[in-house]
Amino acid sequence: MCMTAVLSGLSLLTYAQLPSKKPLDHSVYDSWQSIGSKSISNNGQWIAYTITPQEGDASLVIYNSRTQQQLTVPRGYNAVITEDNHYVVFLIKAPFADIRQAKIRKKKVADMPKDSLGIITLGNNKIEKIPSVRSFSTPEKAGGLVAYLAEKPKADTASGHLIIRQLDKKLQDTIRNVQNYLFSKPGNRLLAEVIADKKDSLSTGAMLLWDVTTRKTDTLSLGTADRKQLAFDEKGEQAAWYSSRDSAKALQQFYQLCYYRMGQDTATIAAARNTSGIPSGWSVNPNGKVWFSRNGERLFFGTAPIQPPKDTSIIDFEVAKVDIWNYKDDYLQPMQLKNLDKELKRSYQALYYPASGRVLQLADKDMENISIADEGNCPYAMGYTDKGQRLPMQWTGHSLKTIYTVNLENGNRRMVQPDLDSLSHISPSGRFIAWYNLKEKQWYTYENETNTTRNITASIPASMAEEDDDHPDMPGPYGTGGWMINDEFIFIYDRYDIWKVDPTGKIAPQMLTGGTGRQQQLRFRTLKLTREERFFKTNQPMLLETYSEITKENGFYTVNSTKKSLPQKVVFGPYTYGDPVKADEADNLIFTKASYVLSPDLYTGTSPDKAVQVSHINPQQKEYNWGTVELFKWTAYNGKPAEGILYKPEDFDSTKKYPVLLYFYEKLTDGLYSYQPPSPTPSRLNIPFFVSRGYLVLVPDVTYEPGHPGKGAYDYIVSGARALARHPWADSTNMGIQGQSWGGYQVAYLVTKTKLFKAAWAGAPVANMTSAYGGIRWESGMNRQFQYERSQSRIGATLWEKPELYIENSPLFYLPDVTTPLAIMSNDADGAVPWYQGIELFTGLRRLGKPVWLLNYNNEAHNLIQRQNRKDISRREQQFFDYFLKGAPAPEWIESGVPATEKGRNWGW
């Protein structure tokens, strides 16, 4: 097929004339901004947030909500507002240009540009800057204290000098040669791990305890050792860590759990490999987290079986390298290899009682996992395992679990539920274990004190299972929304409303939202607004995240956690709202608000309807021809109502004709009012970019019938394209499609069934379900069979039960029918779809003489990670669709390709 045909200059004038605003181009990406990390002070007065460009130097903004004044710090990040509301402490990154040059010159880590520390005294805008700082820390529950690790000369990169500042008192202390450090929550003490100074033969390692009142250090442990996982109790009166005196070069390293209580001379060994309570052949595992219960009566740590020492007699180059796959293996070899490091470091939960010196082993190889509630205070935990139930994961996508209740006083466990096929969790206070039964579509609880199991949702008339799930599997639950204080009630979702359910079953379930959700097709979901909010309180005003299935609008409603009342609208409209966070000691909160035409800016106020805008990012957007968004509806070929999102250029003129692109996955209309920045794409269509440059973009929702996913795509996508084409401003002769992953599969399928589209782009497509069925998802090591039998690919049967369905839905078998030019992205490090699927598609079309191109981004993932590759594919997608749908000249890579001999020198643009 000749690829040199170009639309005449006259025909180009049938599209909209040059817009009054300039179109987006590939140069705009780096400067487009987003709101990064954000925090609000305890008293609600101060807000710290970062403004981050896609590439380049970010900035930190400190905003005073009382005066609405702000201070901007170039390159500031990781800001912490101290607990007393007096200071902001943060790091200042070296300039992006300096870091880039250092990378170009391949400088060593020690020679790379260093961060600085910034300290602002709130109210006077004075910034103190301290150069060459590695890290800093402030106490969680105390203000006016900061510790930071200052860089030592580049000859020593293992440690730094720890500077401890009492900002209010203008006091400063230094501990030299520190590697790790930790403040207690109340800020009364600090642990510091000191290592030997290589320049001082008399120095040695130690664990030191610094006291804020006396400003002195005590030595808790002396001598060279590998110390890890520093921990304090809530009051800062107990401390713990792991320690090993064995050399890093030793064939085996054995760790001990060290424990210290105020008043002791030095730390003691709480647990080691021969300690009573630790299984024979096991030892302390430094990979397990060390932490105290909230009341300080328990110390949790990790153990594991002792690994055999490395056999130094083995000569590496004389040993066979082989993976042995056995049909009896719990996990396939690829999964085992993928998780090898994780398994070698696996830690099993153990418990130390400081008062008695007892050690309890809680988890073991027969019950590997422990979930602990009430911050370690309650007498029970939930244990679970899928041991013996992992083989079916190959075709179900998940393993069945057995859950236990575990007594933290004696380590005894009792089986609660075998063969669990869905979600489970322990309640915040540890009184109950709750789970969802997939087959019965009901929620259950187990009461730890009484050993009683109850179905707690049987009397609820609404479905707890997803009503519109179209997978060939049992539908999952809508989920839960948290618990009331003391585990008195659990909030459970149906499709729209929230139910307040008694976990003991004594009180009938109450609909917290009064049926408003189902009546108005509003989806209500609970929100936790502070970092320490573990449960909801009696008579608490609850802010509910709310979404309309009809209009796709979003907002917030409120409802009382106890009183019977209908939810009250706070704010609702054609926007998206994100990440609301409330001040701990005030009603002020912060959140983001956005729409397709409004960048996600930061707002603050005592309520979302009374909020003021804090940030004003991306003012440059007004200079560009942006776009509009609307809900587009039609009737699909199966006779059912269909809907999608239609994007039009800002300067849309109904008397003109516009080329059309369709992008799809499954259902995306929930994002009708989401902001989409112009950014180099990892895989999907760069919608704002193409809309700005005179394209219409339709994003249709797709519903599938089990066994016929390809037909489902055809029924909704092609019908949507033809419905749009009935409008005179949509050019039916210049329509293209683009999709990635599952969307890429649908692209490949559609070009075998219709000649409607003039160009198509498929990212990471499956072309042949019969070969993909037995493939591996290399990112996880899982087999792909479950995807076809139970999940996204929706066949609903094995290859041997319904081979005709696998063939019916495989584009490969219908390639002779293709007339649409197709571009494929298929990367050789794809961890989800085997990249040979793209090769099968390409070589098949090539063999048949069809116009086809394949882009393989070397060592890249399913979705592109490296920014330079994202920029490259963004440029090529534009060139591809501009050539076929707008008559632009064909670039070299489309016209004649780029030989391997020119790789890295000629991009073919």
# chains A, B, ... in the order shown; residues from 1 in each chain; ligands from 1
>>> residues_around(residues="Leu202 of chain A", least_positions_apart="4", cutoff="12 Å", atoms="only C-alpha atoms", output="PyMOL selection string")
chain A and resi 195-198+223-224
>>> write_last_selection(atoms="N, CA and C atoms", output="compact mmCIF listing (two decimals), in the first residue's frame")
# COMPACT_ATOMS: atom_id res chain seq x y z
N ILE A 195 28.23 5.33 64.63
CA ILE A 195 29.17 4.35 64.10
C ILE A 195 30.60 4.87 64.28
N ALA A 196 31.55 3.95 64.21
CA ALA A 196 32.95 4.31 64.43
C ALA A 196 33.45 5.25 63.34
N ASP A 197 34.25 6.20 63.74
CA ASP A 197 34.89 7.12 62.80
C ASP A 197 36.13 6.43 62.24
N LYS A 198 36.15 6.25 60.93
CA LYS A 198 37.27 5.55 60.31
C LYS A 198 38.60 6.28 60.53
N GLY A 223 29.83 -0.44 71.39
CA GLY A 223 30.55 -1.39 70.56
C GLY A 223 30.05 -1.39 69.13
N THR A 224 30.90 -1.85 68.23
CA THR A 224 30.54 -1.91 66.82
C THR A 224 29.48 -2.97 66.60
>>> residues_around(residues="segment 502-509 of chain A", least_positions_apart="6", cutoff="8 Å", atoms="only C-alpha atoms", output="ChimeraX atom specification")
/A:432,445,447,454-457,459-460,487-490
>>> write_last_selection(atoms="C-alpha atoms", output="compact mmCIF listing (two decimals), in the first residue's frame")
# COMPACT_ATOMS: atom_id res chain seq x y z
CA PHE A 432 -14.64 -8.43 65.88
CA THR A 445 -18.68 -10.95 61.87
CA GLU A 447 -17.00 -11.90 68.03
CA ARG A 454 -23.12 -13.91 62.63
CA ASN A 455 -24.52 -12.90 59.25
CA ILE A 456 -25.05 -9.18 59.83
CA THR A 457 -26.51 -8.08 56.47
CA SER A 459 -31.98 -8.40 56.58
CA ILE A 460 -30.73 -5.56 54.36
CA ASP A 487 -16.64 -1.19 67.52
CA GLU A 488 -20.31 -0.50 68.26
CA PHE A 489 -21.30 -0.33 64.59
CA ILE A 490 -19.75 -0.97 61.19
>>> residues_around(residues="Leu332 of chain A", least_positions_apart="4", cutoff="8 Å", atoms="only C-alpha atoms", output="ChimeraX atom specification")
/A:325,336,781-783
>>> select_by_dssp(residues="segment 594-747 of chain A", states="strand (DSSP E or B)", output="PDB file with C-alpha atoms, in the first residue's frame")
ATOM      1  CA  ALA A 594     -10.922  20.669  39.578  1.00  0.00           C
ATOM      2  CA  ASP A 601      -6.115  23.865  42.823  1.00  0.00           C
ATOM      3  CA  LEU A 602      -5.987  23.854  46.603  1.00  0.00           C
ATOM      4  CA  TYR A 603      -8.842  25.273  48.684  1.00  0.00           C
ATOM      5  CA  THR A 604      -9.311  25.841  52.406  1.00  0.00           C
ATOM      6  CA  GLY A 605     -12.170  26.711  54.749  1.00  0.00           C
ATOM      7  CA  VAL A 612     -11.410  29.984  49.402  1.00  0.00           C
ATOM      8  CA  GLN A 613      -8.938  29.188  46.664  1.00  0.00           C
ATOM      9  CA  TYR A 624      -4.026  27.823  24.656  1.00  0.00           C
ATOM     10  CA  GLY A 627     -11.484  22.278  25.245  1.00  0.00           C
ATOM     11  CA  THR A 628     -14.940  21.545  26.566  1.00  0.00           C
ATOM     12  CA  VAL A 629     -16.476  18.349  27.874  1.00  0.00           C
ATOM     13  CA  GLU A 630     -20.003  16.932  27.809  1.00  0.00           C
ATOM     14  CA  LEU A 631     -21.875  13.692  28.358  1.00  0.00           C
ATOM     15  CA  PHE A 632     -22.763  12.050  25.035  1.00  0.00           C
ATOM     16  CA  LYS A 633     -25.591   9.473  24.895  1.00  0.00           C
ATOM     17  CA  TRP A 634     -26.838   7.044  22.264  1.00  0.00           C
ATOM     18  CA  THR A 635     -28.276   3.539  21.877  1.00  0.00           C
ATOM     19  CA  PRO A 641     -28.601   2.905  26.509  1.00  0.00           C
ATOM     20  CA  ALA A 642     -24.984   3.961  26.093  1.00  0.00           C
ATOM     21  CA  GLU A 643     -22.986   6.955  27.210  1.00  0.00           C
ATOM     22  CA  GLY A 644     -19.527   8.405  26.878  1.00  0.00           C
ATOM     23  CA  ILE A 645     -17.518  11.573  27.225  1.00  0.00           C
ATOM     24  CA  LEU A 646     -17.247  13.951  24.284  1.00  0.00           C
ATOM     25  CA  TYR A 647     -14.381  16.433  24.214  1.00  0.00           C
ATOM     26  CA  LYS A 648     -14.504  19.391  21.805  1.00  0.00           C
ATOM     27  CA  PRO A 649     -11.983  22.139  21.081  1.00  0.00           C
ATOM     28  CA  LYS A 657     -15.972  19.434  10.247  1.00  0.00           C
ATOM     29  CA  TYR A 658     -13.554  17.883  12.716  1.00  0.00           C
ATOM     30  CA  PRO A 659     -11.573  14.640  12.612  1.00  0.00           C
ATOM     31  CA  VAL A 660     -12.554  12.220  15.369  1.00  0.00           C
ATOM     32  CA  LEU A 661     -10.555  10.036  17.746  1.00  0.00           C
ATOM     33  CA  LEU A 662     -12.079   7.430  20.031  1.00  0.00           C
ATOM     34  CA  TYR A 663     -10.315   6.333  23.204  1.00  0.00           C
ATOM     35  CA  LEU A 696     -13.052  15.660  18.613  1.00  0.00           C
ATOM     36  CA  VAL A 697     -12.438  12.869  21.124  1.00  0.00           C
ATOM     37  CA  LEU A 698     -15.151  10.421  22.175  1.00  0.00           C
ATOM     38  CA  VAL A 699     -14.602   8.146  25.172  1.00  0.00           C
ATOM     39  CA  PRO A 700     -17.425   5.547  25.167  1.00  0.00           C
ATOM     40  CA  ALA A 730     -18.012  15.124  13.001  1.00  0.00           C
ATOM     41  CA  ASP A 731     -16.066  13.916   9.963  1.00  0.00           C
ATOM     42  CA  SER A 732     -17.053  10.251   9.534  1.00  0.00           C
ATOM     43  CA  THR A 733     -14.424   9.857   6.820  1.00  0.00           C
ATOM     44  CA  ASN A 734     -11.599  10.710   9.207  1.00  0.00           C
ATOM     45  CA  MET A 735     -12.085   8.709  12.395  1.00  0.00           C
ATOM     46  CA  GLY A 736      -9.372   6.936  14.377  1.00  0.00           C
ATOM     47  CA  ILE A 737      -9.189   4.782  17.492  1.00  0.00           C
ATOM     48  CA  GLN A 738      -6.613   4.430  20.261  1.00  0.00           C
ATOM     49  CA  GLY A 739      -6.419   2.134  23.263  1.00  0.00           C
ATOM     50  CA  GLN A 740      -3.902   0.677  25.669  1.00  0.00           C
TER      51      GLN A 740
END
>>> residues_around(residues="Val146 of chain A", least_positions_apart="5", cutoff="7 Å", atoms="only C-alpha atoms", output="mmCIF file with C-alpha atoms, in the first residue's frame")
data_model
loop_
_atom_site.group_PDB
_atom_site.id
_atom_site.type_symbol
_atom_site.label_atom_id
_atom_site.label_comp_id
_atom_site.auth_asym_id
_atom_site.auth_seq_id
_atom_site.Cartn_x
_atom_site.Cartn_y
_atom_site.Cartn_z
ATOM 1 C CA SER A 137 13.048 14.876 61.834
ATOM 2 C CA THR A 138 10.610 16.585 64.168
ATOM 3 C CA ILE A 164 19.579 18.891 67.528
ATOM 4 C CA ARG A 165 17.948 22.298 67.745
ATOM 5 C CA GLN A 166 15.514 23.631 70.370
#
>>> residues_around(residues="Lys441 of chain A", least_positions_apart="2", cutoff="10 Å", atoms="only C-alpha atoms", output="number ranges by chain")
A: 436-439, 443-444, 457-458, 463-466, 474-477
>>> closest_residue(among="A:Ile370, A:Val359, A:Val73, A:Leu672", to="Pro279 of chain A", atoms="only C-alpha atoms")
A:Val359
